[in-house]
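J.: Next up, protein-v4.txt (compact mmCIF, C-alpha atoms).
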# COMPACT_ATOMS: atom_id res chain seq x y z
CA MET A 1 108.58 100.43 133.56
CA ARG A 2 107.70 98.77 130.26
CA PRO A 3 104.54 99.94 128.46
CA GLY A 4 101.43 97.78 128.71
CA PRO A 5 101.58 96.05 125.28
CA VAL A 6 105.33 95.27 125.47
CA ARG A 7 106.50 91.71 126.14
CA THR A 8 109.71 89.72 125.88
CA ALA A 9 110.47 87.46 122.94
CA PHE A 10 109.02 84.14 124.13
CA ASP A 11 105.81 85.79 125.33
CA LEU A 12 105.46 87.59 122.00
CA VAL A 13 105.84 84.46 119.87
CA ARG A 14 103.29 82.69 122.05
CA ALA A 15 100.90 85.66 121.87
CA HIS A 16 100.97 85.78 118.08
CA LEU A 17 100.48 82.03 117.81
CA ASP A 18 97.51 82.26 120.19
CA ALA A 19 96.03 85.12 118.13
CA ALA A 20 96.26 82.98 114.99
CA ARG A 21 94.61 80.07 116.80
CA ARG A 22 91.68 82.26 117.85
CA ASP A 23 91.22 84.30 114.68
CA GLU A 24 91.46 82.75 111.21
CA ASP A 25 92.01 86.19 109.65
CA TYR A 26 95.12 86.90 111.73
CA LYS A 27 98.50 86.72 110.01
CA PHE A 28 101.98 87.62 111.22
CA VAL A 29 105.70 87.27 110.57
CA LEU A 30 108.56 85.70 112.50
CA ALA A 31 112.10 86.68 111.69
CA GLU A 32 115.36 86.59 113.59
CA VAL A 33 116.95 83.30 114.55
CA ASP A 34 118.32 84.67 117.82
CA TYR A 35 114.80 84.40 119.31
CA LEU A 36 113.22 81.91 116.91
CA LYS A 37 115.67 79.07 117.62
CA PRO A 38 115.41 79.30 121.43
CA TYR A 39 111.62 79.32 121.18
CA TRP A 40 111.62 76.34 118.81
CA ASP A 41 113.88 74.45 121.21
CA ALA A 42 112.00 75.39 124.38
CA TYR A 43 108.43 74.85 123.17
CA PRO A 44 108.27 71.79 120.92
CA GLU A 45 104.50 71.59 121.56
CA ASP A 46 104.04 74.68 119.34
CA ARG A 47 105.93 73.32 116.34
CA ALA A 48 102.93 71.61 114.72
CA ASP A 49 100.79 74.75 114.85
CA LEU A 50 103.61 76.92 113.54
CA ARG A 51 104.14 74.62 110.59
CA ARG A 52 100.39 74.44 110.01
CA PHE A 53 100.18 78.24 109.88
CA LEU A 54 103.13 78.29 107.48
CA GLY A 55 101.31 75.87 105.21
CA GLU A 56 98.12 77.93 105.38
CA GLY A 57 99.93 81.18 104.54
CA ARG A 58 99.04 82.72 107.90
CA VAL A 59 102.60 83.22 109.07
CA GLU A 60 105.68 84.02 107.03
CA ILE A 61 109.26 83.43 108.10
CA VAL A 62 111.05 86.56 106.91
CA GLY A 63 114.56 87.93 107.15
CA GLY A 64 116.62 85.21 105.58
CA ASN A 65 119.38 86.28 107.98
CA TYR A 66 120.36 85.28 111.49
CA ASN A 67 119.55 88.82 112.62
CA GLU A 68 119.20 92.40 111.37
CA ALA A 69 122.81 93.44 110.91
CA ASN A 70 124.07 96.97 110.31
CA THR A 71 125.87 95.78 107.21
CA ASN A 72 127.68 99.06 106.58
CA LEU A 73 129.67 98.37 109.75
CA THR A 74 130.54 94.70 109.21
CA HIS A 75 132.56 92.71 106.70
CA PRO A 76 130.64 91.38 103.65
CA GLU A 77 131.70 87.89 104.66
CA SER A 78 129.73 88.34 107.88
CA THR A 79 126.71 89.33 105.79
CA ILE A 80 127.07 86.18 103.70
CA ARG A 81 127.31 83.95 106.76
CA ASN A 82 124.38 85.76 108.33
CA ALA A 83 122.32 84.64 105.32
CA VAL A 84 123.75 81.11 105.32
CA HIS A 85 122.83 80.56 108.97
CA GLY A 86 119.51 82.42 108.75
CA ILE A 87 118.14 80.81 105.60
CA GLY A 88 119.49 77.42 106.61
CA TYR A 89 117.68 77.47 109.95
CA GLN A 90 114.47 79.11 108.77
CA ARG A 91 114.09 76.79 105.79
CA ASP A 92 115.70 73.50 106.77
CA VAL A 93 114.75 73.38 110.47
CA ILE A 94 111.55 75.41 110.85
CA GLY A 95 110.23 74.53 107.39
CA GLY A 96 109.68 78.09 106.18
CA ASP A 97 110.41 79.63 102.81
CA PRO A 98 112.27 82.91 103.49
CA ARG A 99 112.05 85.31 100.56
CA SER A 100 112.22 88.81 102.07
CA ALA A 101 115.21 90.43 103.75
CA TRP A 102 113.35 91.94 106.72
CA MET A 103 115.71 94.73 107.83
CA LEU A 104 113.16 97.01 109.49
CA ASP A 105 115.27 98.69 112.14
CA VAL A 106 118.72 98.79 110.55
CA PHE A 107 120.52 102.14 110.62
CA GLY A 108 122.12 101.89 107.21
CA HIS A 109 122.92 99.36 104.51
CA ASP A 110 125.99 98.19 102.63
CA PRO A 111 125.35 98.93 98.91
CA SER A 112 126.25 95.33 98.08
CA TYR A 113 123.59 93.93 100.43
CA PRO A 114 120.77 93.48 97.87
CA GLY A 115 123.11 91.66 95.49
CA LEU A 116 124.32 89.32 98.22
CA MET A 117 120.74 88.56 99.27
CA ALA A 118 119.67 87.97 95.66
CA ASP A 119 122.55 85.49 95.34
CA ALA A 120 121.28 83.82 98.54
CA GLY A 121 117.87 83.29 96.93
CA LEU A 122 115.84 86.13 98.46
CA THR A 123 113.58 88.16 96.16
CA SER A 124 112.52 91.20 98.21
CA SER A 125 113.47 93.40 101.12
CA ALA A 126 111.77 95.82 103.48
CA TRP A 127 113.15 98.42 105.84
CA ALA A 128 112.24 101.69 107.51
CA ARG A 129 115.54 103.60 107.52
CA GLY A 130 117.35 104.27 104.28
CA PRO A 131 117.22 107.01 101.62
CA PHE A 132 116.13 109.71 104.08
CA HIS A 133 116.38 110.79 107.70
CA MET A 134 116.08 107.98 110.25
CA TRP A 135 112.32 108.50 110.83
CA GLY A 136 111.32 108.46 107.18
CA PRO A 137 109.98 111.26 104.98
CA MET A 138 106.68 111.62 106.84
CA GLY A 139 108.35 111.72 110.23
CA HIS A 140 111.09 114.09 109.08
CA VAL A 141 109.42 116.60 106.75
CA GLY A 142 105.74 115.66 107.09
CA ASP A 143 105.25 114.85 103.42
CA ASN A 144 105.95 111.54 101.68
CA ARG A 145 105.79 113.24 98.29
CA ARG A 146 109.19 114.77 98.99
CA MET A 147 110.74 111.40 98.08
CA GLN A 148 112.29 111.16 94.60
CA PHE A 149 111.11 107.62 93.83
CA PRO A 150 108.22 105.29 94.79
CA SER A 151 108.10 103.39 98.03
CA GLU A 152 108.46 100.13 96.06
CA PHE A 153 111.57 100.05 93.89
CA GLU A 154 114.35 97.81 92.62
CA TRP A 155 117.29 98.13 95.00
CA ILE A 156 120.35 97.36 92.86
CA SER A 157 123.84 96.56 94.11
CA PRO A 158 127.10 97.31 92.27
CA ASN A 159 127.11 93.80 90.78
CA GLY A 160 123.81 94.54 88.99
CA ARG A 161 121.61 92.21 91.03
CA GLY A 162 118.87 93.49 93.26
CA LEU A 163 115.67 93.05 95.22
CA LEU A 164 112.17 94.48 94.97
CA THR A 165 112.12 96.68 98.05
CA SER A 166 109.69 98.65 100.20
CA TYR A 167 111.19 101.52 102.18
CA MET A 168 108.14 102.02 104.46
CA PRO A 169 107.62 105.82 104.20
CA ASN A 170 105.72 106.09 107.51
CA HIS A 171 108.21 103.80 109.27
CA TYR A 172 107.74 100.25 110.50
CA SER A 173 105.42 101.29 113.35
CA ALA A 174 102.98 103.19 111.09
CA GLY A 175 99.98 100.96 111.72
CA TRP A 176 100.47 100.82 115.47
CA VAL A 177 98.84 104.26 115.69
CA MET A 178 95.54 102.38 115.48
CA GLU A 179 96.13 100.96 118.97
CA SER A 180 95.50 104.41 120.43
CA ALA A 181 91.91 104.26 119.18
CA PRO A 182 89.26 103.83 121.89
CA ASP A 183 86.89 102.01 119.51
CA LEU A 184 86.72 100.36 116.10
CA GLU A 185 85.31 103.44 114.38
CA GLU A 186 88.34 105.53 115.34
CA ALA A 187 90.70 102.68 114.44
CA VAL A 188 89.15 102.55 110.96
CA ARG A 189 89.63 106.30 110.58
CA LEU A 190 93.28 106.13 111.62
CA ALA A 191 93.97 103.25 109.24
CA ASN A 192 92.43 105.19 106.36
CA GLU A 193 94.49 108.24 107.32
CA GLN A 194 97.66 106.14 107.04
CA PHE A 195 96.50 104.87 103.66
CA ASP A 196 95.99 108.43 102.42
CA GLN A 197 99.56 109.30 103.44
CA LEU A 198 101.10 106.20 101.87
CA LYS A 199 99.26 105.91 98.56
CA PRO A 200 100.81 109.02 96.83
CA VAL A 201 104.24 107.34 96.80
CA ALA A 202 103.15 103.73 96.24
CA ALA A 203 104.38 102.21 92.96
CA THR A 204 101.04 100.42 92.45
CA ARG A 205 97.56 100.34 93.96
CA ASN A 206 98.99 98.09 96.68
CA VAL A 207 100.04 99.82 99.90
CA LEU A 208 102.01 98.18 102.70
CA LEU A 209 100.85 99.32 106.15
CA PRO A 210 102.94 97.50 108.78
CA VAL A 211 101.04 96.94 112.03
CA GLY A 212 103.29 96.73 115.07
CA THR A 213 106.19 98.36 116.82
CA ASP A 214 108.99 97.33 119.17
CA HIS A 215 108.21 94.20 121.22
CA VAL A 216 104.41 94.52 121.19
CA VAL A 217 101.54 92.04 121.41
CA PRO A 218 99.16 91.45 118.48
CA SER A 219 97.09 94.42 117.36
CA ARG A 220 93.56 94.43 118.78
CA TRP A 221 92.10 96.19 115.73
CA CYS A 222 93.82 94.88 112.58
CA THR A 223 91.51 91.94 111.82
CA GLU A 224 88.48 93.95 112.97
CA ILE A 225 89.33 96.63 110.39
CA HIS A 226 89.91 93.89 107.81
CA ARG A 227 86.33 92.69 108.32
CA GLU A 228 84.53 95.97 109.03
CA TRP A 229 85.94 97.84 106.03
CA ALA A 230 85.06 95.00 103.63
CA GLU A 231 81.43 95.11 104.79
CA ARG A 232 81.21 98.84 104.07
CA TYR A 233 83.26 99.48 100.95
CA VAL A 234 84.31 97.90 97.69
CA TRP A 235 87.50 99.94 97.32
CA PRO A 236 90.05 100.41 98.71
CA ARG A 237 90.33 97.13 100.59
CA PHE A 238 92.08 96.64 103.90
CA ARG A 239 93.46 93.11 104.09
CA VAL A 240 95.56 91.47 106.77
CA GLY A 241 98.39 89.93 104.81
CA ILE A 242 101.98 88.75 104.88
CA PRO A 243 104.87 90.39 102.99
CA ARG A 244 104.90 87.71 100.30
CA GLU A 245 101.33 88.56 99.33
CA PHE A 246 102.16 92.25 99.11
CA PHE A 247 105.27 91.84 96.97
CA ASP A 248 103.53 89.32 94.70
CA ALA A 249 100.69 91.81 94.17
CA VAL A 250 103.14 94.61 93.34
CA ARG A 251 104.96 92.41 90.81
CA GLU A 252 101.70 91.28 89.25
CA GLU A 253 100.37 94.81 88.76
CA LEU A 254 103.67 96.11 87.41
CA GLY A 255 103.88 93.16 85.02
CA THR A 256 100.29 93.53 83.83
CA SER A 257 100.85 97.20 83.04
CA GLY A 258 104.20 96.53 81.35
CA ARG A 259 106.10 98.60 83.90
CA ARG A 260 109.20 97.80 85.91
CA PRO A 261 110.04 99.02 89.40
CA SER A 262 112.21 102.13 89.54
CA PRO A 263 115.89 101.05 89.64
CA GLN A 264 117.86 102.69 92.45
CA THR A 265 121.56 102.38 93.20
CA ARG A 266 121.94 105.33 95.56
CA ASP A 267 123.39 105.14 99.05
CA MET A 268 120.79 103.89 101.54
CA ASN A 269 122.36 105.18 104.73
CA PRO A 270 120.36 107.70 106.75
CA VAL A 271 122.09 110.51 108.61
CA TYR A 272 122.25 109.05 112.09
CA THR A 273 125.70 109.51 113.53
CA GLY A 274 125.11 107.74 116.83
CA LYS A 275 125.05 104.28 115.27
CA ASP A 276 128.47 104.87 113.67
CA VAL A 277 130.39 106.61 116.44
CA SER A 278 128.98 105.10 119.65
CA TYR A 279 130.81 102.13 121.20
CA THR A 280 133.71 102.75 118.83
CA ASP A 281 136.02 100.32 120.63
CA THR A 282 133.42 97.56 120.32
CA LYS A 283 132.99 98.19 116.60
CA GLN A 284 136.76 98.19 116.05
CA ALA A 285 137.08 94.95 118.00
CA GLN A 286 134.30 93.41 115.89
CA ARG A 287 136.13 94.26 112.68
CA ALA A 288 139.44 92.97 114.09
CA ALA A 289 137.73 89.69 114.99
CA GLU A 290 136.28 89.37 111.49
CA VAL A 291 139.70 89.94 109.91
CA ALA A 292 141.36 87.46 112.29
CA VAL A 293 138.83 84.73 111.47
CA LEU A 294 139.24 85.25 107.71
CA ASP A 295 143.04 85.20 107.99
CA ALA A 296 142.89 82.03 110.09
CA GLU A 297 140.65 80.31 107.55
CA ARG A 298 143.01 81.16 104.69
CA LEU A 299 146.02 79.91 106.65
CA ALA A 300 144.14 76.76 107.69
CA THR A 301 143.35 76.07 104.03
CA LEU A 302 147.02 76.36 103.10
CA ALA A 303 147.94 74.11 106.01
CA ALA A 304 145.35 71.55 104.90
CA LEU A 305 146.83 71.51 101.40
CA GLY A 306 150.14 70.67 103.08
CA GLY A 307 148.61 67.68 104.85
CA ALA A 308 147.40 69.11 108.14
CA PRO A 309 143.79 68.34 109.24
CA TYR A 310 141.50 71.28 108.55
CA PRO A 311 140.02 72.63 111.80
CA GLU A 312 136.26 72.85 112.01
Just give me the structure as structure tokens.
T.:
Amino acid sequence: MRPGPVRTAFDLVRAHLDAARRDEDYKFVLAEVDYLKPYWDAYPEDRADLRRFLGEGRVEIVGGNYNEANTNLTHPESTIRNAVHGIGYQRDVIGGDPRSAWMLDVFGHDPSYPGLMADAGLTSSAWARGPFHMWGPMGHVGDNRRMQFPSEFEWISPNGRGLLTSYMPNHYSAGWVMESAPDLEEAVRLANEQFDQLKPVAATRNVLLPVGTDHVVPSRWCTEIHREWAERYVWPRFRVGIPREFFDAVREELGTSGRRPSPQTRDMNPVYTGKDVSYTDTKQAQRAAEVAVLDAERLATLAALGGAPYPE
């Protein structure tokens, strides 16, 4: 029943690696440890190429967390450990340099999240559900200009620390619309249409057009557009890139012009009741488990001070 371009995790990682091997212009991201670690363990023959692509800037390890957690439903300590495990594995095992909290499909965010991630060493974040309805301003009201601040902004937590953030106005699957094109000419037109929708709310001349959607193979048109557009036009430019390149370009342009990203402290939880009220017993059990673990650790610390061996 799955659509044609959809694959499971191992097949997807392999497909993106193969695309990078065939096409020097192809770039992609890898994120969550819950699929990245099993792949790394099961296919050691791909490790050299993955590290080579990391060194060449053709793949970026993003996320800096074990997975994409709905942090408004979990304890902050779980968020901290998510980052400890995620950054530790992505950096110290894979050899990446995680900088961006890649929370594309999270249905709401704890206001303290950007501060915790800044403390963990991340410098940016990106997500598609936040200060609007779950499908973004374009999907909800058909007009990105209805947003009160640019798509790139400084997401600030109550402790005053924050991350340069992109809220992806057309959602994380915006660029996948190009896959419906029967030929390159139509794909180019659709990409430019997305650009026209995104640029009015961009903080700089740089626009982030994510290319992909849930569990899909590499885009057949993205590098073709990258090359075809550059042969025709001087500006704007379509470039296949990784998040680090985009955020660096935004910072550079803001700095050159003497501007700073718009600071935002507002609640970033979209109205989407299902994610809060479904599986209520599971969510309550999750919180009870978190509290039990924290209580046990405190008691174990006291016991250790009294001479007992501290349990690992």
J.: Rounded to one decimal, what separation in Å do you get between CA of Arg251 (chain A) and CA of Met268 (chain A)?
T.: 22.3 Å
J.: I need the residue nearest Phe149 (chain A) from this list: A:Pro270, A:Pro263, A:Gly175, A:Gly63. Use only C-alpha atoms for the distance.
T.: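 So, comparing all the options, the nearest one is A:Pro263.
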J.: Counting all atoms listed in the file, figure out which residue out of A:Thr74, A:Thr165, A:Thr256, A:Ser180 gets nearest to Leu104 (chain A).
T.: A:Thr165
J.: For the atom pair CA of Tyr233 (chain A) and CA of Glu252 (chain A), what is the interatomic distance in Å to one decimal place?
T.: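 Those two atoms sit 23.3 Å apart.
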J.: Show which residues sit within 7 Å of region 124-130 of chain A, as an NGL selection string. Count only C-alpha atoms, and ignore same-chain residues fewer than 6 positions away.
T.: :A and (99-108 or 136 or 163-168 or 171-172 or 268-270)
J.: Go through A:Met134, A:Leu116, A:Ala191, A:Ile156 one by one, measure the shortest atom-to-atom distance of each to Val271 (chain A) using only C-alpha atoms, and give the residue with the smallest value.
T.: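 Answer, going by the shortest atom-to-atom distance: A:Met134.
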J.: Rank A:Trp176, A:Trp40, A:Tyr35, A:Phe53 by their smallest atom-to-atom distance to Asp18 (chain A), using all atoms listed in the file, and report the top residue only.
T.: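 When distances to Asp18 (chain A) are compared using all atoms listed in the file, the smallest one comes from A:Phe53.
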J.: Considering all atoms listed in the file, give me a table of residues in region 49-145 of chain A that are at most 12 Å from region 276-290 of chain A, with the closest atom pair and distance in Å for each, as a tab-separated table.
T.:
residue	atom	partner	partner_atom	distance
A:Asn70	CA	A:Asp276	CA	9.6
A:Thr71	CA	A:Asp276	CA	11.5
A:Asn72	CA	A:Asp276	CA	9.2
A:Leu73	CA	A:Lys283	CA	7.6
A:Thr74	CA	A:Arg287	CA	6.6
A:His75	CA	A:Glu290	CA	6.9
A:Pro76	CA	A:Glu290	CA	9.9
A:Glu77	CA	A:Glu290	CA	8.4
A:Ser78	CA	A:Glu290	CA	7.5
A:Thr79	CA	A:Glu290	CA	11.1
A:Arg81	CA	A:Glu290	CA	11.5
A:Val106	CA	A:Asp276	CA	11.9
A:Phe107	CA	A:Asp276	CA	8.9
A:Gly108	CA	A:Asp276	CA	9.5
J.: Residues of region 192-298 of chain A that have any atom at most 12 Å from an atom of region 138-148 of chain A: could you tabulate them with the shortest-distance atom pair and the distance in Å to one decimal, using all atoms listed in the file, ordered by chain and increasing number, as JSON lines?
T.:
{"residue": "A:Gln194", "atom": "CA", "partner": "A:Met138", "partner_atom": "CA", "distance": 10.6}
{"residue": "A:Phe195", "atom": "CA", "partner": "A:Asn144", "partner_atom": "CA", "distance": 11.7}
{"residue": "A:Asp196", "atom": "CA", "partner": "A:Asn144", "partner_atom": "CA", "distance": 10.5}
{"residue": "A:Gln197", "atom": "CA", "partner": "A:Asn144", "partner_atom": "CA", "distance": 7.0}
{"residue": "A:Leu198", "atom": "CA", "partner": "A:Asn144", "partner_atom": "CA", "distance": 7.2}
{"residue": "A:Lys199", "atom": "CA", "partner": "A:Asn144", "partner_atom": "CA", "distance": 9.3}
{"residue": "A:Pro200", "atom": "CA", "partner": "A:Arg145", "partner_atom": "CA", "distance": 6.7}
{"residue": "A:Val201", "atom": "CA", "partner": "A:Arg145", "partner_atom": "CA", "distance": 6.3}
{"residue": "A:Ala202", "atom": "CA", "partner": "A:Asn144", "partner_atom": "CA", "distance": 9.9}
{"residue": "A:Ser262", "atom": "CA", "partner": "A:Gln148", "partner_atom": "CA", "distance": 10.4}
{"residue": "A:Pro263", "atom": "CA", "partner": "A:Gln148", "partner_atom": "CA", "distance": 11.8}
{"residue": "A:Gln264", "atom": "CA", "partner": "A:Gln148", "partner_atom": "CA", "distance": 10.4}
{"residue": "A:Arg266", "atom": "CA", "partner": "A:Gln148", "partner_atom": "CA", "distance": 11.3}
{"residue": "A:Pro270", "atom": "CA", "partner": "A:His140", "partner_atom": "CA", "distance": 11.5}
{"residue": "A:Val271", "atom": "CA", "partner": "A:His140", "partner_atom": "CA", "distance": 11.6}
J.: Which is closest to Arg58 (chain A) among A:Ala120, A:Pro169, A:His16, A:Val177, if we use all atoms listed in the file?
T.: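 Residue with the minimum atom-to-atom distance to Arg58 (chain A): A:His16.
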J.: In Å, rounded to a single decimal, give me how far CA of Glu60 (chain A) is from CA of Glu152 (chain A).
T.: 19.7 Å
